[in-house]
Amino acid sequence: YGFTDCGSGVLRERRREGGSSRDPGKNQENGLRRRGICGALRQRARRHCKNVQGSGAGSDLRARAVPGYVRRPEGDPCQIRRGRLPYLTPDYRPGTACWEEVVENIKLLGEVAKGYGIQLLYHNHDFEFLKVNGKYALDELYDSVPAELLKTELDVCWVNIGGEVPAEYIRKYAGRCPVVHLKDFFGTKSFWKKEGKSGKMYELIGIKSTAPKRPSGFEFRPVGSGMQDIPAILKAAEESGATWVVVEQDNPSMGLTPMECIEKSIQYLKSIGY
């Protein structure tokens, strides 16, 4: 698993000041500027890791490399405030032999990052909604690592696919969710098998059938064009202390180009006052 700056990607900031809202279509210059800088940081990390031998589980390599990765010389223009763990490859996911070590190493990463004045975030997908010891692996992670060392970067698409209501799940981590990924999707609900509150919608390759199952006809959509309750999500994010929302769409859809999907998301957010 990797360690990347939260500035990677196009970030949209939504802030209320005196009753007015910032235009959601305005690019955040610092976020875009850091994107290029972070590419250089990742190359620096690769050089630092080149001769480092990891443990049998492999995740130790990244943990030992972090001090060299996040250290920046005086005068470096990259003033990282937050870093994120963006994705776990299959060998390190919940349900594998490595999961407990991953949790411990995430705690270590949080401690090291804190020492450099960086707040570590964890960006979820759907595979963290596998039950481990009777609760979601994502909840187990946040229960195991103190909030001062690890905050959430909830992706509301995968929260929904995992079987939870995104607005409710954001509120569950109020005060611990500075960044929220705003992502919409569409899928046929008719075959979802309900088990209590959550639906099993996505069975991951290599993961037991206790993981969620993706709905048939699934596709990512521009914000406001899918099944998500976007106004409720934005309200929950604001009330729970989020200062950034990331408008994200993994693949274009609806016959639109990527740029047309971006424009459609922007126009929808403008139409509801953001």
# chains A, B, ... in the order shown; residues from 1 in each chain; ligands from 1
>>> closest_atom_pairs(of="region 125-176 of chain A", to="region 236-259 of chain A", cutoff="7 Å", atoms="only C-alpha atoms", output="JSON lines")
{"residue": "A:Ala167", "atom": "CA", "partner": "A:Ala236", "partner_atom": "CA", "distance": 5.4}
{"residue": "A:Ile170", "atom": "CA", "partner": "A:Ala236", "partner_atom": "CA", "distance": 6.4}
{"residue": "A:Arg171", "atom": "CA", "partner": "A:Ser240", "partner_atom": "CA", "distance": 5.8}
{"residue": "A:Ala174", "atom": "CA", "partner": "A:Ser240", "partner_atom": "CA", "distance": 4.2}
{"residue": "A:Gly175", "atom": "CA", "partner": "A:Gly241", "partner_atom": "CA", "distance": 5.5}
>>> residues_around(residues="Leu149 (chain A)", least_positions_apart="4", cutoff="8 Å", atoms="only C-alpha atoms", output="PyMOL selection string")
chain A and resi 107+110-111+114+119-120+145
>>> write_last_selection(atoms="all heavy atoms", output="PDB file, in the first residue's frame")
ATOM      1  N   LYS A 107      -0.962   2.293  11.729  1.00  0.00           N
ATOM      2  CA  LYS A 107      -0.750   3.051  12.968  1.00  0.00           C
ATOM      3  C   LYS A 107       0.650   3.652  12.996  1.00  0.00           C
ATOM      4  O   LYS A 107       0.845   4.819  13.355  1.00  0.00           O
ATOM      5  CB  LYS A 107      -0.959   2.146  14.185  1.00  0.00           C
ATOM      6  CG  LYS A 107      -0.814   2.873  15.521  1.00  0.00           C
ATOM      7  CD  LYS A 107      -1.093   1.921  16.679  1.00  0.00           C
ATOM      8  CE  LYS A 107      -0.940   2.638  18.016  1.00  0.00           C
ATOM      9  NZ  LYS A 107      -1.204   1.727  19.152  1.00  0.00           N
ATOM     10  N   GLY A 110       0.875   6.553  10.675  1.00  0.00           N
ATOM     11  CA  GLY A 110       0.238   7.721  11.276  1.00  0.00           C
ATOM     12  C   GLY A 110       1.141   8.415  12.275  1.00  0.00           C
ATOM     13  O   GLY A 110       1.184   9.649  12.342  1.00  0.00           O
ATOM     14  N   GLU A 111       1.864   7.626  13.055  1.00  0.00           N
ATOM     15  CA  GLU A 111       2.778   8.196  14.046  1.00  0.00           C
ATOM     16  C   GLU A 111       3.929   8.949  13.372  1.00  0.00           C
ATOM     17  O   GLU A 111       4.283  10.059  13.779  1.00  0.00           O
ATOM     18  CB  GLU A 111       3.331   7.083  14.944  1.00  0.00           C
ATOM     19  CG  GLU A 111       2.289   6.467  15.867  1.00  0.00           C
ATOM     20  CD  GLU A 111       2.800   5.220  16.578  1.00  0.00           C
ATOM     21  OE1 GLU A 111       3.868   4.703  16.160  1.00  0.00           O
ATOM     22  OE2 GLU A 111       2.138   4.769  17.530  1.00  0.00           O
ATOM     23  N   LYS A 114       2.600  12.125  11.688  1.00  0.00           N
ATOM     24  CA  LYS A 114       2.314  13.151  12.691  1.00  0.00           C
ATOM     25  C   LYS A 114       3.592  13.874  13.104  1.00  0.00           C
ATOM     26  O   LYS A 114       3.586  15.094  13.328  1.00  0.00           O
ATOM     27  CB  LYS A 114       1.642  12.519  13.918  1.00  0.00           C
ATOM     28  CG  LYS A 114       1.263  13.542  14.988  1.00  0.00           C
ATOM     29  CD  LYS A 114       0.632  12.857  16.188  1.00  0.00           C
ATOM     30  CE  LYS A 114       0.298  13.891  17.267  1.00  0.00           C
ATOM     31  NZ  LYS A 114      -0.266  13.245  18.479  1.00  0.00           N
ATOM     32  N   GLN A 119      -1.250  15.003   8.648  1.00  0.00           N
ATOM     33  CA  GLN A 119      -2.377  14.186   9.103  1.00  0.00           C
ATOM     34  C   GLN A 119      -2.621  13.075   8.087  1.00  0.00           C
ATOM     35  O   GLN A 119      -2.852  13.327   6.900  1.00  0.00           O
ATOM     36  CB  GLN A 119      -3.638  15.028   9.245  1.00  0.00           C
ATOM     37  CG  GLN A 119      -4.890  14.243   9.610  1.00  0.00           C
ATOM     38  CD  GLN A 119      -4.768  13.566  10.969  1.00  0.00           C
ATOM     39  OE1 GLN A 119      -4.698  14.236  11.980  1.00  0.00           O
ATOM     40  NE2 GLN A 119      -4.737  12.232  10.980  1.00  0.00           N
ATOM     41  N   LEU A 120      -2.585  11.825   8.541  1.00  0.00           N
ATOM     42  CA  LEU A 120      -2.813  10.676   7.671  1.00  0.00           C
ATOM     43  C   LEU A 120      -4.305  10.384   7.539  1.00  0.00           C
ATOM     44  O   LEU A 120      -5.043  10.403   8.530  1.00  0.00           O
ATOM     45  CB  LEU A 120      -2.093   9.446   8.229  1.00  0.00           C
ATOM     46  CG  LEU A 120      -2.117   8.180   7.362  1.00  0.00           C
ATOM     47  CD1 LEU A 120      -1.396   8.409   6.033  1.00  0.00           C
ATOM     48  CD2 LEU A 120      -1.488   7.015   8.116  1.00  0.00           C
ATOM     49  N   VAL A 145      -6.801   2.311  15.365  1.00  0.00           N
ATOM     50  CA  VAL A 145      -5.834   3.403  15.213  1.00  0.00           C
ATOM     51  C   VAL A 145      -6.459   4.684  15.758  1.00  0.00           C
ATOM     52  O   VAL A 145      -7.542   5.065  15.317  1.00  0.00           O
ATOM     53  CB  VAL A 145      -5.436   3.587  13.734  1.00  0.00           C
ATOM     54  CG1 VAL A 145      -4.385   4.691  13.613  1.00  0.00           C
ATOM     55  CG2 VAL A 145      -4.913   2.283  13.147  1.00  0.00           C
TER      56      VAL A 145
END
>>> residues_around(residues="Leu141 (chain A)", least_positions_apart="2", cutoff="10 Å", atoms="only C-alpha atoms", output="PyMOL selection string")
chain A and resi 94+99-100+102-104+106-107+122+128+136-139+143-146+150
>>> select_by_dssp(residues="region 209-265 of chain A", states="alpha helix (DSSP H)", output="list in words")
Ile230, Pro231, Ala232, Ile233, Leu234, Lys235, Ala236, Ala237, Glu238, Glu239, Pro258, Met259, Glu260, Cys261, Ile262, Glu263, Lys264 and Ser265 of chain A
>>> closest_residue(among="A:Val159, A:Ile80, A:Val223, A:Cys177", to="Ile272 (chain A)", atoms="only C-alpha atoms")
A:Val223
>>> atom_distance(atom1="CA of His125 (chain A)", atom2="CA of Glu263 (chain A)")
24.7 Å
>>> closest_residue(among="A:Leu121, A:Val156, A:Ala232, A:Leu88", to="Lys183 (chain A)", atoms="only C-alpha atoms")
A:Val156
>>> atom_distance(atom1="CA of Asp229 (chain A)", atom2="CA of Arg93 (chain A)")
28.5 Å
>>> atom_distance(atom1="CA of Tyr92 (chain A)", atom2="CA of Ala147 (chain A)")
21.7 Å
